[in-house]
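Please read the structure below before turning to the comments.
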There are 2 protein chains.
Amino acid sequence: MPESTAKKPSRIQQRNRRVILDAALEVFSKHGYRGATLDQIAAEAGLSKPNILYYFNGKEDIHVTLLSQLMETWLDPLVELDPDGDPRREILDYVERKLTMSRELPRESRLFANEILQGAPRIEPELHRHLKPLFDEKCAVIAGWVSEGKLPPLDPQHLIFSIWATTQHYADFEAQAQVLLGPETDPRPRAQAHLQAMFGALLDLPAQ
Amino acid sequence: MPESTAKKPSRIQQRNRRVILDAALEVFSKHGYRGATLDQIAAEAGLSKPNILYYFNGKEDIHVTLLSQLMETWLDPLVELDPDGDPRREILDYVERKLTMSRELPRESRLFANEILQGAPRIEPELHRHLKPLFDEKCAVIAGWVSEGKLPPLDPQHLIFSIWATTQHYADFEAQAQVLLGPETDPRPRAQAHLQAMFGALLDLPAQ
DNA sequence: TTGTTTTTTTACCATTTGGTAAATCCACGA
DNA sequence: TCGTGGATTTACCAAATGGTAAAAAAACAA
């Protein structure tokens with residue numbers, strides 16, 4: 001049995017844990033935590049249900065492992081925001097990276113959205129441990145740019161919220177966008193132009 | 001039995017249907033469709049489960065009824081956007097109304113968010129019937145303002161998406177905001193200032 | 001090969017959940 | 001007061017679901 005007092009995980013263990021987590025991502029992101037079933041995950045992974053429970057201690061264990069493991073990837077675009085770069089460029093590039101991520105990792109976006117919507121019952125600790133420090137750090141960076149006069153006076157916290165909201169919207173509310181725009185084309189190219197214009201206008205505001 | 005070939009619903013029927021729908025809003029918005037149980041709804045409503053099924057044909061019936069009934073309220077702020085008003089004022093007022101709504105009707109916001117996240121399986125028809133025509137109509141209004149030179153060139157569809165995303169964010173992702181800002185204060189006053197500045201900047205852009 | 005450990009399957013189980021049948025209760029008009 | 005139809009409860013049920021025990025199979029070290 002794979003124990004917490006672990007030695008090295010075997011090749012089979014590594015592969016199967018990866019397969020299970022990928023299947024779980026597919027299922028959890030589509031149905032939410034309570035809507036997802038171990039049978040669905042098992043089917044998606046091509047394994048039997050008891051076999052899945054051989055690798056994880058239960059449904060919640062899979063979910064928490066998945067979220068924790070994806071947290072880093074998820075925060076990566078924000079990590080890259082460089083305090084020494086050009087403020088306007090840095091923020092607009094961040095918007096672009098987040099929008100790209102919503103196209104390339106929509107399942108991850110919906111997974112997080114689902115969890116937060118339910119009140120973040122299972123990853124609140126992770127949010128405090130990873131998201132909060134990074135958020136505070138980057139808010140301070142932006143606040144610094146503002147006080148140096150490199151940016152117009154703006155609210156760093158709510159600026160970041162707006163970036164998250166507008167970019168993740170295209171993954172989380174894809175079903176709505178497909179009704180309104182048609183299912184054929186990816187709205188993101190035009191979204192990119194719009195968001196660059198919008199955040200660009202905000203960042204170009206005259207200083208106070 | 002209350003039939004679809006209905007006469008007039010009795011006073012008791014009216015009251016209990018309202019009580020049930022309010023309980024269902026509470027439970028569905030908190031746990032999503034599949035995460036909510038009839039027992040929870042029954043407990044919240046102060047009725048027995050069979051009694052609830054006396055008023056509705058099943059779980060899905062409650063959910064669909066709830067969504068359909070709230071659709072009008074939900075779209076109301078956009079309906080109010082006046083083609084004959086001042087473009088800039090109309091749009092900024094719409095932002096404010098949506099933000100107010102996210103404070104006063106957060107459960108409704110999360111209910112819709114949950115449904116859309118799962119791919120809108122149960123209200124897609126309603127979206128086509130009510131949301132889409134209104135969306136198209138108001139996009140045309142904004143596009144008209146742009147072509148009249150009353151607004152800078154902007155993308156009406158993605159402008160509306162941005163307004164939805166940024167305002168509903170404060171209801172849908174409240175758990176995250178509470179981790180990042182602290183649970184004490186309502187972030188919306190500062191959000192209001194930020195959003196007015198952001199959309200104001202976009203709308204004030206020089207014409208092409 | 002043989003013995004041992006890891007992996008997988010088979011056969012279950014208890015609980016939860018959406019839903020139903022039928023009996024009972026109750027409001028109210030004649 | 002009594003009867004009638006609407007409202008509510010009691011007692012269920014079948015299916016789904018998270019999870020377990022133990023045997024079987026596969027992998028691997030000697």
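In the structure tokens, chains take the letters A, B, ... in the order shown, each chain's residues start at 1, and ligands count up from 1 in the order shown.
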* Those in range 75-183 of chain B with alpha helix (DSSP H) from DSSP, as a PyMOL selection string -> chain B and resi 75-79+87-104+106-117+124-126+132-147+156-172+174-181
Report as JSON lines: every residue of chain D with an atom at most 12 Å from chain B, its closest pair of atoms, and their distance in Å to one decimal, counting only C-alpha atoms (C1' of nucleotides), with rows sorted by chain and ascending residue number.
```
{"residue": "D:DG5", "atom": "C1'", "partner": "B:Met1", "partner_atom": "CA", "distance": 9.7}
{"residue": "D:DG6", "atom": "C1'", "partner": "B:Met1", "partner_atom": "CA", "distance": 7.5}
{"residue": "D:DA7", "atom": "C1'", "partner": "B:Asn51", "partner_atom": "CA", "distance": 8.2}
{"residue": "D:DT8", "atom": "C1'", "partner": "B:Asn51", "partner_atom": "CA", "distance": 6.4}
{"residue": "D:DT9", "atom": "C1'", "partner": "B:Ser48", "partner_atom": "CA", "distance": 8.0}
{"residue": "D:DT10", "atom": "C1'", "partner": "B:Pro50", "partner_atom": "CA", "distance": 10.2}
{"residue": "D:DA11", "atom": "C1'", "partner": "B:Pro50", "partner_atom": "CA", "distance": 11.6}
{"residue": "D:DC12", "atom": "C1'", "partner": "B:Pro50", "partner_atom": "CA", "distance": 11.9}
```
* Neighbour list for DT2 in chain C as a PyMOL selection string, cut-off 12 Å, only C-alpha atoms (C1' of nucleotides), skip fewer than 3 positions in-chain -> chain D and resi 28-30
* Neighbour list for Thr73 in chain A as a ChimeraX atom specification, cut-off 10 Å, only C-alpha atoms (C1' of nucleotides), skip fewer than 6 positions in-chain -> /A:79,101,105,108
* To do: Show me which bits of chain A are within 7 Å of chain B, counting only C-alpha atoms, as a PyMOL selection string.
  => chain A and resi 30-31+34-35+110+116-120+128+132+155+158+162+165-166+169+172-173+175-176+179-180+191+194+198+201-202+205
* To do: Would you give me, as a ChimeraX atom specification, the residues of chain C that come within 12 Å of chain B, using only C-alpha atoms (C1' of nucleotides)?
  => /C:16-21,27
* Asked: Any idea what the distance is between C1' of DT8 in chain C and CA of Tyr55 in chain A?
  -> 11.6 Å
* Structure fact -> Expressed in Å, the length from CA of Ala140 in chain A to CA of Pro83 in chain A is 9.6 Å
* Asked: Leaving out DA23 in chain D and any residue of its chain fewer than 5 positions from it, which residues lie within 12 Å of it when counting only C-alpha atoms (C1' of nucleotides), given as a list in words?
  ->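 Residues near the query, excluding close chain neighbours: DT8, DT9, DT10 and DA11 of chain C.
Distances here use only C-alpha atoms; by that measure, the residue among B:Leu66, B:Ala23, B:Asp84, B:Pro206 closest to Ile142 in chain B is B:Asp84.
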* Can you work out the spacing between C1' of DT20 in chain D and CA of Ile52 in chain A in Å, to one decimal? => 12.9 Å
* Asked: Taking into account only C-alpha atoms, which residue in the set A:Pro77, A:His130, A:Asp61, A:Phe112 is nearest to Glu96 in chain A?
  ->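 Using only C-alpha atoms, the shortest distance to Glu96 in chain A belongs to A:Pro77.
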